[in-house]
Amino acid sequence: MINKAPTRRLAWGYAILISLAIIQQFFVYLHLYMNQSYTKLDVVLSIASLGALALGLLLPVGVSVVLIFVYLVTYFVWLVTFAEPNVLVFSWWLLIPANTAIAAVIKRRLVRSARVIERLEQMKDRNPEIDLDTTLGNKEAFEDTLIKQSNLARRYSDCYGFSIAMFKIEFLPLVLESLGSVRYAQFLLEISQTIQKQIRYEDHKFFVDRGRFVILCPMVNVDYLPMLTRRIKKNIMDLDVLDKKGNELQTVIKSGALVFQKEQFSKYDNLDAVLAALERNTETDLIGEYI
């Protein structure tokens, strides 16, 4: 959901400023009607109200607040001591500082909006690395991590390695039709949370679309990998999933894995080939070594 509060506040600021301008004009016309005159003091104060707008837009907010306070005190002393009491003279006491305050607020909102626009300009060319449905790393994030890990494993092949496992939702079109988009998104999130509970903090997990989850586990014991994949698959299939009619949905999860081999290093640059090999291995719940 888009947060419209800043734009709404800015619109209110403009509306209040326009209202103040209308009120000031009203008092000027009322004064002219009642007194049939417009003195030099009235001209000076009218110009001051315009100057107050400029001060509010140009000066920092802190300085504007200090000037408003000084003006209110000084004008009040002059008002009760020397001024000829009338509606217009009294109105300048409140309207001029109000102009400065509202202009300062509008300026602050404009500055914030400009910063947001600058930030969006900086981010528009960046590809997101988070899948919005699952909050996991997406395909691009998986590719980046895979390249880094394969380079580490090649450089320190005697003491470093990693394994990759895929968990795939079988009969995905049927699952989508049974759950609907909202329930399916919730199902993906529950799978993500289930996987996280079964892996280590240093392990990586990703969602690479079409109901496929991938984990990348550095320095995992190869003999332990089959037990890990079976446990994760079982926990996912044990999730209570209700379809649109409130009936329990029986889900089928397939898993497959790859263990990094140094002689296969060059093939880890091809993400699609790695994903294809993982997907082939899911067909037989296989843990393979070759892409």
# chains A, B, ... in the order shown; residues from 1 in each chain; ligands from 1
$ residues_around --residues "A:Ser49" --least-positions-apart "6" --cutoff "8 Å" --atoms "only C-alpha atoms" --output "list in words"
Trp92, Leu95, Ile96 and Asn99 of chain A
$ write_last_selection --atoms "all heavy atoms" --output "PDB file, in the first residue's frame"
ATOM      1  N   TRP A  92      -3.010  41.517  11.447  1.00  0.00           N
ATOM      2  CA  TRP A  92      -1.606  41.358  11.046  1.00  0.00           C
ATOM      3  C   TRP A  92      -0.790  40.658  12.132  1.00  0.00           C
ATOM      4  O   TRP A  92       0.244  40.062  11.852  1.00  0.00           O
ATOM      5  CB  TRP A  92      -0.972  42.726  10.738  1.00  0.00           C
ATOM      6  CG  TRP A  92      -1.502  43.423   9.529  1.00  0.00           C
ATOM      7  CD1 TRP A  92      -1.917  44.715   9.461  1.00  0.00           C
ATOM      8  CD2 TRP A  92      -1.674  42.898   8.223  1.00  0.00           C
ATOM      9  NE1 TRP A  92      -2.352  45.029   8.212  1.00  0.00           N
ATOM     10  CE2 TRP A  92      -2.210  43.916   7.412  1.00  0.00           C
ATOM     11  CE3 TRP A  92      -1.456  41.651   7.636  1.00  0.00           C
ATOM     12  CZ2 TRP A  92      -2.501  43.751   6.073  1.00  0.00           C
ATOM     13  CZ3 TRP A  92      -1.750  41.481   6.308  1.00  0.00           C
ATOM     14  CH2 TRP A  92      -2.264  42.509   5.531  1.00  0.00           C
ATOM     15  N   LEU A  95      -1.709  36.884  11.228  1.00  0.00           N
ATOM     16  CA  LEU A  95      -1.606  36.404   9.846  1.00  0.00           C
ATOM     17  C   LEU A  95      -0.169  36.399   9.326  1.00  0.00           C
ATOM     18  O   LEU A  95       0.221  35.485   8.588  1.00  0.00           O
ATOM     19  CB  LEU A  95      -2.495  37.259   8.937  1.00  0.00           C
ATOM     20  CG  LEU A  95      -4.014  37.108   9.178  1.00  0.00           C
ATOM     21  CD1 LEU A  95      -4.792  38.063   8.300  1.00  0.00           C
ATOM     22  CD2 LEU A  95      -4.451  35.669   8.911  1.00  0.00           C
ATOM     23  N   ILE A  96       0.620  37.406   9.688  1.00  0.00           N
ATOM     24  CA  ILE A  96       2.005  37.452   9.189  1.00  0.00           C
ATOM     25  C   ILE A  96       2.823  36.272   9.700  1.00  0.00           C
ATOM     26  O   ILE A  96       3.470  35.570   8.910  1.00  0.00           O
ATOM     27  CB  ILE A  96       2.657  38.807   9.535  1.00  0.00           C
ATOM     28  CG1 ILE A  96       2.010  39.906   8.678  1.00  0.00           C
ATOM     29  CG2 ILE A  96       4.175  38.760   9.305  1.00  0.00           C
ATOM     30  CD1 ILE A  96       2.519  41.302   8.964  1.00  0.00           C
ATOM     31  N   ASN A  99       1.749  33.098   7.985  1.00  0.00           N
ATOM     32  CA  ASN A  99       2.326  32.947   6.645  1.00  0.00           C
ATOM     33  C   ASN A  99       3.702  32.291   6.720  1.00  0.00           C
ATOM     34  O   ASN A  99       4.019  31.364   5.963  1.00  0.00           O
ATOM     35  CB  ASN A  99       2.456  34.316   5.973  1.00  0.00           C
ATOM     36  CG  ASN A  99       1.149  34.785   5.362  1.00  0.00           C
ATOM     37  OD1 ASN A  99       0.167  34.046   5.337  1.00  0.00           O
ATOM     38  ND2 ASN A  99       1.123  36.008   4.881  1.00  0.00           N
TER      39      ASN A  99
END
$ residues_around --residues "stretch 205-212 of chain A" --least-positions-apart "5" --cutoff "7 Å" --atoms "only C-alpha atoms" --output "PyMOL selection string"
chain A and resi 131+136-139+142+166-169+172
$ write_last_selection --atoms "N, CA and C atoms" --output "CSV table (one decimal), in the first residue's frame"
chain,number,residue,atom,x,y,z
A,131,ASP,N,12.4,-11.5,-3.0
A,131,ASP,CA,11.1,-11.9,-3.5
A,131,ASP,C,10.1,-11.4,-2.6
A,136,LEU,N,12.4,-13.8,0.7
A,136,LEU,CA,13.7,-14.5,0.5
A,136,LEU,C,14.4,-13.9,-0.7
A,137,GLY,N,15.7,-14.2,-0.8
A,137,GLY,CA,16.5,-13.8,-1.9
A,137,GLY,C,15.8,-14.3,-3.2
A,138,ASN,N,15.9,-13.6,-4.3
A,138,ASN,CA,15.3,-14.0,-5.5
A,138,ASN,C,16.3,-14.7,-6.4
A,139,LYS,N,16.0,-14.8,-7.7
A,139,LYS,CA,16.9,-15.5,-8.6
A,139,LYS,C,18.2,-14.8,-8.8
A,142,PHE,N,20.4,-15.3,-5.8
A,142,PHE,CA,20.9,-16.6,-5.8
A,142,PHE,C,22.1,-16.7,-6.8
A,166,MET,N,17.3,-28.1,-3.8
A,166,MET,CA,16.0,-27.5,-4.3
A,166,MET,C,14.8,-28.2,-3.8
A,167,PHE,N,13.8,-27.5,-3.4
A,167,PHE,CA,12.5,-28.0,-3.0
A,167,PHE,C,11.4,-27.4,-3.9
A,168,LYS,N,10.7,-28.3,-4.6
A,168,LYS,CA,9.8,-27.9,-5.6
A,168,LYS,C,8.4,-28.4,-5.3
A,169,ILE,N,7.5,-27.4,-5.4
A,169,ILE,CA,6.1,-27.8,-5.3
A,169,ILE,C,5.6,-28.5,-6.5
A,172,LEU,N,2.0,-27.6,-9.5
A,172,LEU,CA,1.8,-26.2,-9.1
A,172,LEU,C,0.5,-25.6,-9.7
$ closest_residue --among "A:Ser46, A:Leu258, A:Glu143, A:Leu67" --to "A:Asn270" --atoms "only C-alpha atoms"
A:Glu143
$ residues_around --residues "A:Tyr184" --least-positions-apart "6" --cutoff "12 Å" --atoms "only C-alpha atoms" --output "PyMOL selection string"
chain A and resi 133-134+169+172-178+190-191+210-211+241-244+249+251
$ atom_distance --atom1 "atom CA of A:Asn151" --atom2 "atom CA of A:Ala277"
19.3 Å
$ residues_around --residues "A:Gln261" --least-positions-apart "5" --cutoff "12 Å" --atoms "only C-alpha atoms" --output "list in words"
Gln149, Ser150, Asn151, Ala153, Arg154, Tyr156, Ser157, Asp158, Tyr160, Gly161, Phe162, Ser163, Ile164, Val222, Ser266, Lys267, Tyr268, Gly288, Glu289, Tyr290 and Ile291 of chain A
